[in-house]
>>> print(open('my_file13.pdb').read())   # PDB, C-alpha atoms
MODEL        1
ATOM      1  CA  MET A  80       4.382  -4.257  20.062
ATOM      2  CA  TYR A  81       6.363  -1.727  22.112
ATOM      3  CA  GLU A  82       3.182   0.221  22.929
ATOM      4  CA  SER A  83       2.134  -2.299  25.597
ATOM      5  CA  PHE A  84       5.684  -2.645  26.937
ATOM      6  CA  TYR A  85       5.954   1.106  27.557
ATOM      7  CA  GLY A  86       2.303   1.600  28.516
ATOM      8  CA  LEU A  87       1.403   3.680  25.459
ATOM      9  CA  SER A  88      -2.162   3.968  24.203
ATOM     10  CA  ALA A  89      -1.158   4.206  20.524
ATOM     11  CA  LYS A  90       1.837   3.929  18.231
ATOM     12  CA  PRO A  91       3.450   7.381  18.441
ATOM     13  CA  PHE A  92       5.803   7.128  15.462
ATOM     14  CA  GLN A  93       3.647   5.732  12.689
ATOM     15  CA  LEU A  94       4.441   6.778   9.126
ATOM     16  CA  LYS A  95       0.807   7.368   8.161
ATOM     17  CA  PRO A  96      -0.061  11.092   8.347
ATOM     18  CA  ASP A  97      -2.295  11.474  11.418
ATOM     19  CA  PRO A  98      -3.623  14.943  12.307
ATOM     20  CA  SER A  99      -4.207  13.864  15.916
ATOM     21  CA  PHE A 100      -0.398  13.842  16.326
ATOM     22  CA  PHE A 101       0.070  17.198  14.594
ATOM     23  CA  TYR A 102       2.885  19.256  16.109
ATOM     24  CA  GLY A 103       2.892  22.975  15.439
ATOM     25  CA  SER A 104       6.517  23.947  14.965
ATOM     26  CA  LYS A 105       7.345  27.514  13.930
ATOM     27  CA  GLY A 106       7.411  26.450  10.293
ATOM     28  CA  HIS A 107       4.215  24.412  10.514
ATOM     29  CA  LYS A 108       2.369  27.248  12.241
ATOM     30  CA  ARG A 109       3.448  29.683   9.535
ATOM     31  CA  ALA A 110       2.459  27.241   6.812
ATOM     32  CA  MET A 111      -0.939  26.769   8.445
ATOM     33  CA  ALA A 112      -1.368  30.539   8.617
ATOM     34  CA  TYR A 113      -0.658  30.809   4.868
ATOM     35  CA  LEU A 114      -3.136  28.031   4.109
ATOM     36  CA  GLU A 115      -5.831  29.621   6.247
ATOM     37  CA  TYR A 116      -5.162  33.009   4.673
ATOM     38  CA  GLY A 117      -5.463  31.529   1.209
ATOM     39  CA  LEU A 118      -8.623  29.714   2.199
ATOM     40  CA  SER A 119     -10.144  32.958   3.465
ATOM     41  CA  GLN A 120      -9.550  34.532   0.042
ATOM     42  CA  GLY A 121     -11.639  31.855  -1.630
ATOM     43  CA  GLU A 122      -9.843  32.021  -4.967
ATOM     44  CA  GLY A 123      -6.666  31.292  -6.879
ATOM     45  CA  PHE A 124      -3.884  28.834  -6.094
ATOM     46  CA  ILE A 125      -1.966  28.249  -2.875
ATOM     47  CA  VAL A 126       1.437  26.553  -3.250
ATOM     48  CA  LEU A 127       3.085  24.657  -0.386
ATOM     49  CA  THR A 128       6.481  23.007  -0.911
ATOM     50  CA  GLY A 129       8.743  21.016   1.372
ATOM     51  CA  GLU A 130      11.205  18.127   1.465
ATOM     52  CA  VAL A 131       9.991  14.532   1.368
ATOM     53  CA  GLY A 132       8.563  13.742   4.806
ATOM     54  CA  ALA A 133       8.483  17.375   5.972
ATOM     55  CA  GLY A 134       4.820  17.068   6.994
ATOM     56  CA  LYS A 135       2.901  18.666   4.106
ATOM     57  CA  THR A 136       0.186  16.003   3.990
ATOM     58  CA  THR A 137      -0.220  15.957   7.775
ATOM     59  CA  LEU A 138      -0.523  19.740   7.697
ATOM     60  CA  MET A 139      -3.241  19.537   5.065
ATOM     61  CA  ARG A 140      -5.158  16.851   6.934
ATOM     62  CA  ASN A 141      -5.013  18.994  10.040
ATOM     63  CA  LEU A 142      -6.532  21.819   7.986
ATOM     64  CA  PHE A 143      -9.231  19.474   6.649
ATOM     65  CA  ARG A 144     -10.155  18.535  10.208
ATOM     66  CA  ARG A 145     -10.786  22.203  11.011
ATOM     67  CA  LEU A 146     -12.904  22.942   7.945
ATOM     68  CA  GLU A 147     -16.630  23.449   8.290
ATOM     69  CA  SER A 148     -18.083  20.682   6.130
ATOM     70  CA  ASP A 149     -21.377  22.515   5.720
ATOM     71  CA  LYS A 150     -19.519  25.432   4.098
ATOM     72  CA  ILE A 151     -16.570  23.895   2.260
ATOM     73  CA  VAL A 152     -16.357  20.775   0.091
ATOM     74  CA  ALA A 153     -12.711  19.659   0.132
ATOM     75  CA  VAL A 154     -11.175  16.784  -1.848
ATOM     76  CA  GLN A 155      -7.600  15.625  -2.343
ATOM     77  CA  ILE A 156      -5.752  14.003  -5.260
ATOM     78  CA  VAL A 157      -2.558  12.098  -4.470
ATOM     79  CA  ASN A 158      -1.874  10.073  -7.650
ATOM     80  CA  THR A 159      -0.165  12.560  -9.937
ATOM     81  CA  HIS A 160       1.917  10.416 -12.316
ATOM     82  CA  ILE A 161      -0.606  11.156 -15.039
ATOM     83  CA  ASP A 162      -0.860  13.188 -18.216
ATOM     84  CA  SER A 163      -3.132  16.104 -18.992
ATOM     85  CA  ASN A 164      -5.811  13.812 -20.441
ATOM     86  CA  ASP A 165      -6.313  12.030 -17.116
ATOM     87  CA  ILE A 166      -6.322  14.906 -14.633
ATOM     88  CA  LEU A 167      -9.959  15.798 -15.352
ATOM     89  CA  THR A 168     -10.930  12.172 -14.800
ATOM     90  CA  LEU A 169      -9.239  12.224 -11.387
ATOM     91  CA  VAL A 170     -10.915  15.513 -10.464
ATOM     92  CA  ALA A 171     -14.334  14.174 -11.467
ATOM     93  CA  ALA A 172     -13.742  10.972  -9.494
ATOM     94  CA  ALA A 173     -12.664  12.966  -6.437
ATOM     95  CA  PHE A 174     -15.936  14.911  -6.597
ATOM     96  CA  GLY A 175     -17.908  11.672  -6.925
ATOM     97  CA  LEU A 176     -18.969  12.413 -10.501
ATOM     98  CA  PRO A 177     -19.371   9.873 -13.339
ATOM     99  CA  TYR A 178     -16.199   9.620 -15.398
ATOM    100  CA  ALA A 179     -16.062   6.227 -17.140
ATOM    101  CA  LYS A 180     -15.977   6.445 -20.935
ATOM    102  CA  THR A 181     -16.684  10.167 -20.778
ATOM    103  CA  SER A 182     -15.296  12.701 -23.217
ATOM    104  CA  LYS A 183     -13.282  15.698 -22.086
ATOM    105  CA  ALA A 184     -16.128  18.063 -22.971
ATOM    106  CA  ALA A 185     -18.601  15.975 -20.954
ATOM    107  CA  LEU A 186     -16.207  15.850 -17.969
ATOM    108  CA  LEU A 187     -15.809  19.628 -17.988
ATOM    109  CA  LEU A 188     -19.580  20.045 -18.128
ATOM    110  CA  GLU A 189     -20.081  17.618 -15.213
ATOM    111  CA  ILE A 190     -17.455  19.441 -13.119
ATOM    112  CA  GLU A 191     -18.903  22.864 -13.886
ATOM    113  CA  GLN A 192     -22.438  21.749 -13.003
ATOM    114  CA  PHE A 193     -21.154  20.234  -9.751
ATOM    115  CA  LEU A 194     -19.400  23.489  -8.822
ATOM    116  CA  GLN A 195     -22.547  25.472  -9.590
ATOM    117  CA  ARG A 196     -24.661  23.139  -7.416
ATOM    118  CA  CYS A 197     -22.269  23.633  -4.511
ATOM    119  CA  ASP A 198     -22.440  27.407  -5.003
ATOM    120  CA  ARG A 199     -26.249  27.370  -4.921
ATOM    121  CA  GLN A 200     -26.028  25.423  -1.660
ATOM    122  CA  GLY A 201     -23.780  28.110  -0.210
ATOM    123  CA  LYS A 202     -20.686  25.893  -0.302
ATOM    124  CA  ARG A 203     -17.201  26.569  -1.630
ATOM    125  CA  VAL A 204     -15.088  23.877  -3.294
ATOM    126  CA  LEU A 205     -11.421  23.217  -2.478
ATOM    127  CA  LEU A 206      -9.238  20.922  -4.582
ATOM    128  CA  VAL A 207      -5.934  19.783  -3.042
ATOM    129  CA  VAL A 208      -3.359  18.216  -5.366
ATOM    130  CA  ASP A 209      -0.536  16.400  -3.560
ATOM    131  CA  GLU A 210       2.825  15.442  -5.107
ATOM    132  CA  ALA A 211       2.460  18.317  -7.556
ATOM    133  CA  GLN A 212       6.113  18.018  -8.633
ATOM    134  CA  ASN A 213       5.035  15.080 -10.813
ATOM    135  CA  LEU A 214       2.622  17.177 -12.871
ATOM    136  CA  THR A 215       3.564  18.267 -16.373
ATOM    137  CA  SER A 216       3.088  21.836 -17.528
ATOM    138  CA  GLU A 217       0.176  20.643 -19.699
ATOM    139  CA  THR A 218      -1.521  19.028 -16.704
ATOM    140  CA  LEU A 219      -1.066  22.165 -14.622
ATOM    141  CA  GLU A 220      -2.600  24.160 -17.453
ATOM    142  CA  GLU A 221      -5.700  21.939 -17.295
ATOM    143  CA  LEU A 222      -5.978  22.706 -13.568
ATOM    144  CA  ARG A 223      -5.593  26.412 -14.283
ATOM    145  CA  MET A 224      -8.422  26.235 -16.788
ATOM    146  CA  LEU A 225     -10.709  24.821 -14.089
ATOM    147  CA  SER A 226     -10.179  28.034 -12.133
ATOM    148  CA  ASN A 227     -12.003  29.846 -14.939
ATOM    149  CA  PHE A 228     -15.303  28.427 -13.703
ATOM    150  CA  GLN A 229     -16.980  31.270 -11.812
ATOM    151  CA  THR A 230     -20.180  33.114 -11.112
ATOM    152  CA  GLU A 231     -20.626  36.819 -11.747
ATOM    153  CA  ASN A 232     -19.154  37.568  -8.318
ATOM    154  CA  ALA A 233     -16.731  34.798  -7.372
ATOM    155  CA  PRO A 234     -14.740  31.810  -8.651
ATOM    156  CA  LEU A 235     -16.276  28.378  -8.098
ATOM    157  CA  LEU A 236     -13.049  26.484  -7.365
ATOM    158  CA  GLN A 237      -9.909  27.039  -5.316
ATOM    159  CA  THR A 238      -6.815  24.830  -5.631
ATOM    160  CA  PHE A 239      -3.947  24.009  -3.248
ATOM    161  CA  LEU A 240      -0.785  22.538  -4.786
ATOM    162  CA  LEU A 241       1.553  20.549  -2.498
ATOM    163  CA  GLY A 242       4.933  19.485  -3.820
ATOM    164  CA  GLN A 243       8.595  18.851  -3.241
ATOM    165  CA  PRO A 244      11.123  21.707  -3.687
ATOM    166  CA  GLU A 245      11.646  20.986  -7.381
ATOM    167  CA  PHE A 246       8.031  21.993  -8.031
ATOM    168  CA  LYS A 247       9.145  25.611  -7.694
ATOM    169  CA  LYS A 248      11.289  25.130 -10.813
ATOM    170  CA  THR A 249       8.216  23.962 -12.702
ATOM    171  CA  LEU A 250       6.347  27.113 -11.719
ATOM    172  CA  LEU A 251       9.228  29.270 -12.961
ATOM    173  CA  ASN A 252       8.875  27.810 -16.435
ATOM    174  CA  GLN A 253       7.879  30.382 -19.016
ATOM    175  CA  LYS A 254       4.788  28.306 -19.846
ATOM    176  CA  MET A 255       3.528  28.758 -16.275
ATOM    177  CA  GLN A 256       3.172  32.555 -16.424
ATOM    178  CA  GLN A 257      -0.630  32.482 -16.422
ATOM    179  CA  LEU A 258      -0.706  30.042 -13.512
ATOM    180  CA  ARG A 259       1.802  32.101 -11.511
ATOM    181  CA  GLN A 260      -0.458  35.126 -11.866
ATOM    182  CA  ARG A 261      -3.179  33.205 -10.029
ATOM    183  CA  VAL A 262      -0.987  32.081  -7.121
ATOM    184  CA  ILE A 263      -1.984  34.211  -4.139
ATOM    185  CA  ALA A 264       0.331  32.640  -1.528
ATOM    186  CA  THR A 265       3.356  30.322  -1.405
ATOM    187  CA  TYR A 266       5.295  28.816   1.484
ATOM    188  CA  HIS A 267       8.228  26.414   1.822
ATOM    189  CA  LEU A 268       8.077  24.085   4.821
ATOM    190  CA  GLY A 269      11.580  23.537   6.198
ATOM    191  CA  PRO A 270      12.950  20.954   8.685
ATOM    192  CA  LEU A 271      12.706  21.127  12.476
ATOM    193  CA  ASP A 272      15.608  22.598  14.428
ATOM    194  CA  GLU A 273      17.220  20.738  17.332
ATOM    195  CA  GLN A 274      14.906  22.137  19.999
ATOM    196  CA  GLU A 275      11.827  21.477  17.864
ATOM    197  CA  THR A 276      12.982  17.919  17.187
ATOM    198  CA  LYS A 277      12.992  17.211  20.925
ATOM    199  CA  ALA A 278       9.615  18.910  21.382
ATOM    200  CA  TYR A 279       8.198  16.999  18.391
ATOM    201  CA  ILE A 280       9.243  13.613  19.797
ATOM    202  CA  GLU A 281       7.950  14.444  23.289
ATOM    203  CA  HIS A 282       4.679  15.758  21.833
ATOM    204  CA  ARG A 283       4.003  12.532  19.946
ATOM    205  CA  LEU A 284       4.915  10.429  22.976
ATOM    206  CA  LYS A 285       2.706  12.443  25.328
ATOM    207  CA  THR A 286      -0.173  12.225  22.853
ATOM    208  CA  ALA A 287       0.201   8.435  23.139
ATOM    209  CA  GLY A 288       0.223   8.549  26.964
ATOM    210  CA  TRP A 289       3.979   8.564  27.654
ATOM    211  CA  GLN A 290       4.907   8.676  31.359
ATOM    212  CA  ASN A 291       8.650   9.237  30.876
ATOM    213  CA  ASP A 292       9.215   5.500  30.292
ATOM    214  CA  PRO A 293      11.625   5.205  28.645
ATOM    215  CA  ALA A 294      13.579   8.235  29.771
ATOM    216  CA  ILE A 295      15.434   9.939  26.919
ATOM    217  CA  GLU A 296      18.668  11.873  27.426
ATOM    218  CA  ASP A 297      19.288  15.243  25.787
ATOM    219  CA  ASN A 298      22.295  13.848  23.921
ATOM    220  CA  ALA A 299      19.975  11.231  22.375
ATOM    221  CA  PHE A 300      17.637  13.972  21.125
ATOM    222  CA  ARG A 301      20.651  15.846  19.759
ATOM    223  CA  LEU A 302      21.897  12.824  17.818
ATOM    224  CA  ILE A 303      18.402  12.075  16.489
ATOM    225  CA  HIS A 304      18.271  15.596  15.064
ATOM    226  CA  LEU A 305      21.726  15.279  13.495
ATOM    227  CA  SER A 306      20.897  11.880  11.998
ATOM    228  CA  THR A 307      17.519  12.874  10.519
ATOM    229  CA  GLY A 308      18.152  16.492   9.556
ATOM    230  CA  GLY A 309      14.978  17.435  11.426
ATOM    231  CA  ILE A 310      12.691  15.777   8.846
ATOM    232  CA  PRO A 311       9.595  14.482  10.718
ATOM    233  CA  ARG A 312       9.199  11.269   8.701
ATOM    234  CA  LYS A 313      12.860  10.345   9.238
ATOM    235  CA  ILE A 314      12.468  11.101  12.941
ATOM    236  CA  ASN A 315       9.470   8.753  13.068
ATOM    237  CA  LEU A 316      11.417   5.984  11.330
ATOM    238  CA  LEU A 317      14.390   6.268  13.668
ATOM    239  CA  CYS A 318      12.340   6.554  16.870
ATOM    240  CA  ASP A 319      10.043   3.694  15.903
ATOM    241  CA  ARG A 320      13.046   1.419  15.402
ATOM    242  CA  MET A 321      14.662   2.651  18.622
ATOM    243  CA  PHE A 322      11.545   1.947  20.672
ATOM    244  CA  MET A 323      11.250  -1.500  19.107
ATOM    245  CA  MET A 324      14.852  -2.233  20.051
ATOM    246  CA  GLY A 325      14.185  -0.901  23.546
ATOM    247  CA  CYS A 326      11.234  -3.249  23.915
ATOM    248  CA  LEU A 327      13.208  -6.279  22.736
ATOM    249  CA  GLU A 328      16.109  -5.487  25.037
ATOM    250  CA  GLU A 329      13.940  -4.301  27.946
ATOM    251  CA  LEU A 330      15.473  -0.830  28.016
ATOM    252  CA  HIS A 331      13.897   1.947  30.075
ATOM    253  CA  HIS A 332      16.508   4.565  29.281
ATOM    254  CA  PHE A 333      17.711   5.858  25.916
ATOM    255  CA  GLY A 334      21.024   7.620  25.553
ATOM    256  CA  GLU A 335      23.327   8.399  22.668
ATOM    257  CA  ASP A 336      24.398   4.754  22.367
ATOM    258  CA  ALA A 337      20.850   3.584  21.641
ATOM    259  CA  VAL A 338      20.539   6.090  18.792
ATOM    260  CA  LYS A 339      23.929   5.058  17.364
ATOM    261  CA  ILE A 340      22.892   1.403  17.290
ATOM    262  CA  VAL A 341      19.751   2.206  15.299
ATOM    263  CA  VAL A 342      21.581   4.549  12.923
ATOM    264  CA  ASN A 343      24.221   1.868  12.280
ATOM    265  CA  ASP A 344      21.474  -0.696  11.659
ATOM    266  CA  PHE A 345      19.901   1.581   9.037
ATOM    267  CA  GLN A 346      23.269   2.149   7.378
ATOM    268  CA  GLN A 347      23.941  -1.575   7.166
ATOM    269  CA  GLU A 348      20.483  -2.204   5.702
ATOM    270  CA  PHE A 349      20.536   0.477   3.017
ATOM    271  CA  ASP A 350      24.206   1.202   2.241
ATOM    272  CA  SER A 351      26.025  -0.929  -0.330
ATOM    273  CA  PRO A 352      29.009  -2.840   1.048
ATOM    274  CA  ASN A 353      32.469  -1.480   0.393
ATOM    275  CA  VAL A 354      33.795  -4.205  -1.876
ATOM    276  CA  GLU A 355      37.331  -2.796  -1.994
ATOM    277  CA  THR A 356      37.616  -2.736   1.791
ATOM    278  CA  GLU A 357      36.363  -6.313   2.063
ATOM    279  CA  THR A 358      38.822  -7.474  -0.574
ATOM    280  CA  ASN A 359      41.740  -5.825   1.207
ATOM    281  CA  MET A 360      40.698  -7.393   4.480
ATOM    282  CA  THR A 361      40.755 -10.893   3.001
ATOM    283  CA  LYS A 362      44.315 -10.346   1.776
ATOM    284  CA  GLN A 363      45.549  -9.726   5.299
ATOM    285  CA  SER A 364      46.879 -12.724   7.169
ATOM    286  CA  VAL A 365      45.548 -13.472  10.610
ATOM    287  CA  THR A 366      48.915 -12.567  12.098
ATOM    288  CA  ASP A 367      48.661  -9.061  10.645
ATOM    289  CA  VAL A 368      45.458  -8.299  12.586
ATOM    290  CA  GLN A 369      46.169  -6.417  15.781
ATOM    291  CA  VAL A 370      44.960  -7.878  19.018
ATOM    292  CA  ASP A 371      43.106  -4.643  19.756
ATOM    293  CA  SER A 372      40.743  -5.331  16.841
ATOM    294  CA  TYR A 373      39.213  -8.294  18.685
ATOM    295  CA  PRO A 374      36.343  -7.522  21.066
ATOM    296  CA  ALA A 375      37.490  -6.844  24.584
ATOM    297  CA  LYS A 376      36.125  -8.927  27.418
ATOM    298  CA  ALA A 377      33.855  -6.093  28.544
ATOM    299  CA  ASP A 378      32.428  -5.799  25.018
ATOM    300  CA  LEU A 379      31.737  -9.519  24.893
ATOM    301  CA  GLU A 380      29.946  -9.317  28.225
ATOM    302  CA  LYS A 381      27.798  -6.466  26.895
ATOM    303  CA  MET A 382      26.937  -8.478  23.792
ATOM    304  CA  GLU A 383      26.068 -11.518  25.870
ATOM    305  CA  SER A 384      23.874  -9.418  28.175
ATOM    306  CA  ARG A 385      22.113  -7.897  25.174
ATOM    307  CA  LEU A 386      21.419 -11.335  23.691
ATOM    308  CA  VAL A 387      19.983 -12.545  26.995
ATOM    309  CA  ARG A 388      17.633  -9.520  27.167
ATOM    310  CA  MET A 389      16.552 -10.073  23.577
ATOM    311  CA  GLU A 390      15.817 -13.743  24.299
ATOM    312  CA  LYS A 391      13.688 -12.757  27.292
ATOM    313  CA  SER A 392      11.837 -10.213  25.168
ATOM    314  CA  VAL A 393      11.091 -12.765  22.445
ATOM    315  CA  LEU A 394       9.722 -15.142  25.075
ATOM    316  CA  PHE A 395       7.633 -12.257  26.447
ATOM    317  CA  VAL A 396       6.170 -11.568  23.001
ATOM    318  CA  LEU A 397       5.424 -15.247  22.417
ATOM    319  CA  ASP A 398       3.656 -15.388  25.762
ATOM    320  CA  LEU A 399       1.498 -12.399  24.762
ATOM    321  CA  LEU A 400       0.621 -14.083  21.476
ATOM    322  CA  LYS A 401      -0.364 -17.280  23.298
ATOM    323  CA  GLN A 402      -2.573 -15.268  25.647
ATOM    324  CA  ASN A 403      -4.266 -13.543  22.718
ATOM    325  CA  LEU A 404      -4.829 -16.863  20.956
ATOM    326  CA  SER A 405      -6.244 -18.399  24.137
ATOM    327  CA  PHE A 406      -8.571 -15.426  24.561
ATOM    328  CA  GLY A 407      -9.703 -15.715  20.945
ATOM    329  CA  ASN A 408     -10.443 -19.447  21.300
ATOM    330  CA  ALA A 409     -12.328 -18.866  24.517
ATOM    331  CA  LYS A 410     -14.364 -16.128  22.841
ATOM    332  CA  ASN A 411     -15.225 -18.432  19.928
ATOM    333  CA  ASP A 412     -16.310 -21.197  22.319
ATOM    334  CA  PHE A 413     -18.503 -18.723  24.168
ATOM    335  CA  ASN A 414     -20.104 -17.523  20.932
ATOM    336  CA  LYS A 415     -20.825 -21.116  19.878
ATOM    337  CA  ARG A 416     -22.722 -21.685  23.107
TER     338      ARG A 416
ENDMDL
END
>>> encode(input="my_file13.pdb", output="structure tokens")
Amino acid sequence: MYESFYGLSAKPFQLKPDPSFFYGSKGHKRAMAYLEYGLSQGEGFIVLTGEVGAGKTTLMRNLFRRLESDKIVAVQIVNTHIDSNDILTLVAAAFGLPYAKTSKAALLLEIEQFLQRCDRQGKRVLLVVDEAQNLTSETLEELRMLSNFQTENAPLLQTFLLGQPEFKKTLLNQKMQQLRQRVIATYHLGPLDEQETKAYIEHRLKTAGWQNDPAIEDNAFRLIHLSTGGIPRKINLLCDRMFMMGCLEELHHFGEDAVKIVVNDFQQEFDSPNVETETNMTKQSVTDVQVDSYPAKADLEKMESRLVRMEKSVLFVLDLLKQNLSFGNAKNDFNKR
């Protein structure tokens, strides 16, 4: 909704990983370099870890977009709450191979034959497993066994493992020694710093056609970084809500106060109420409450002004919806003729 209000061509802070909005921070550039290095080796495992929402999937999709499809067949698995008996089924399905009511031996044969066909066509095969922290040691061992498929000169399959920080503990398990020996590169993707947070937000806005409306103060960027810890997904959540609020209240300037309002809204939505505090408050008599605790006249005027702007914005949205409905009806009438 706020895209049209601010003249944007797309929603800049969507949660869906979109490589067209990829921002190359120092960490993301280094991670991409590790991935490209690993890809150039054509063998073994590449491990990429990072906090939830750090941008691992977006990074991988950006890599996919740069791959030469006539030379590399790349597939991705994202559902990893499975046991070792199901991982081969998922791999076969990702490669477009038959898997229903198929034995493990038959699945392995199908996968091997597929890898050999790709090799004869001059193509390499890349398997990307997301959310790897959910995999058991037995499931990881099944993936390691797939890396045994090879020709006389080269392996037929390369695997990238993406996971949250705890996945590193899994790899350190004594059972994972053979897998660790096949890991040729690892990288941990950290959060954005304060300067990168500002650049990240401006990059996404400019990609969506931002013309400095709304203007954003430096102190707002600073508070966004403090509130999100520099995690891209959290930044997207906060900024998306802030821009929605700005649209409803017809704001064309964001300062520290706008960020505080959104942060407080999130805290009220997700934090449990302090029962003890509420109980103590009810025990106080009205006469015990200081006059200063009541909203000042200036605060009431601000609240009233905010409500008026919100009412105007709701009417604006309703008017847009009516226009769209009218256009749709007119289009249907035209088609009937």
>>> resolve_selection(input="my_file13.pdb", expression="the PyMOL selection byres ((chain A and resi 97) around 12)", output="MDAnalysis selection string")
chainID A and resid 89:96 98:102 134:144 283 286 312
>>> write_last_selection(input="my_file13.pdb", atoms="C-alpha atoms", output="mmCIF file, in the coordinates of the input")
data_model
loop_
_atom_site.group_PDB
_atom_site.id
_atom_site.type_symbol
_atom_site.label_atom_id
_atom_site.label_comp_id
_atom_site.auth_asym_id
_atom_site.auth_seq_id
_atom_site.Cartn_x
_atom_site.Cartn_y
_atom_site.Cartn_z
ATOM 1 C CA ALA A 89 -1.158 4.206 20.524
ATOM 2 C CA LYS A 90 1.837 3.929 18.231
ATOM 3 C CA PRO A 91 3.450 7.381 18.441
ATOM 4 C CA PHE A 92 5.803 7.128 15.462
ATOM 5 C CA GLN A 93 3.647 5.732 12.689
ATOM 6 C CA LEU A 94 4.441 6.778 9.126
ATOM 7 C CA LYS A 95 0.807 7.368 8.161
ATOM 8 C CA PRO A 96 -0.061 11.092 8.347
ATOM 9 C CA PRO A 98 -3.623 14.943 12.307
ATOM 10 C CA SER A 99 -4.207 13.864 15.916
ATOM 11 C CA PHE A 100 -0.398 13.842 16.326
ATOM 12 C CA PHE A 101 0.070 17.198 14.594
ATOM 13 C CA TYR A 102 2.885 19.256 16.109
ATOM 14 C CA GLY A 134 4.820 17.068 6.994
ATOM 15 C CA LYS A 135 2.901 18.666 4.106
ATOM 16 C CA THR A 136 0.186 16.003 3.990
ATOM 17 C CA THR A 137 -0.220 15.957 7.775
ATOM 18 C CA LEU A 138 -0.523 19.740 7.697
ATOM 19 C CA MET A 139 -3.241 19.537 5.065
ATOM 20 C CA ARG A 140 -5.158 16.851 6.934
ATOM 21 C CA ASN A 141 -5.013 18.994 10.040
ATOM 22 C CA LEU A 142 -6.532 21.819 7.986
ATOM 23 C CA PHE A 143 -9.231 19.474 6.649
ATOM 24 C CA ARG A 144 -10.155 18.535 10.208
ATOM 25 C CA ARG A 283 4.003 12.532 19.946
ATOM 26 C CA THR A 286 -0.173 12.225 22.853
ATOM 27 C CA ARG A 312 9.199 11.269 8.701
#
>>> closest_residue(input="my_file13.pdb", among="A:Lys339, A:Arg320, A:Lys247, A:Lys313", to="A:Gly132", atoms="only C-alpha atoms")
A:Lys313
>>> residues_around(input="my_file13.pdb", residues="stretch 259-263 of chain A", least_positions_apart="3", cutoff="6 Å", atoms="all atoms listed in the file", output="compact mmCIF listing (two decimals) with C-alpha atoms, in the frame of the given file")
# COMPACT_ATOMS: atom_id res chain seq x y z
CA GLY A 123 -6.67 31.29 -6.88
CA PHE A 124 -3.88 28.83 -6.09
CA ILE A 125 -1.97 28.25 -2.88
CA GLN A 256 3.17 32.56 -16.42
>>> closest_residue(input="my_file13.pdb", among="A:Gly86, A:Gly308, A:Pro234, A:Gly129", to="A:Gly288", atoms="only C-alpha atoms")
A:Gly86
>>> atom_distance(input="my_file13.pdb", atom1="atom CA of A:Ile151", atom2="atom CA of A:Gly121")
10.1 Å
>>> atom_distance(input="my_file13.pdb", atom1="atom CA of A:Lys202", atom2="atom CA of A:Val157")
23.2 Å
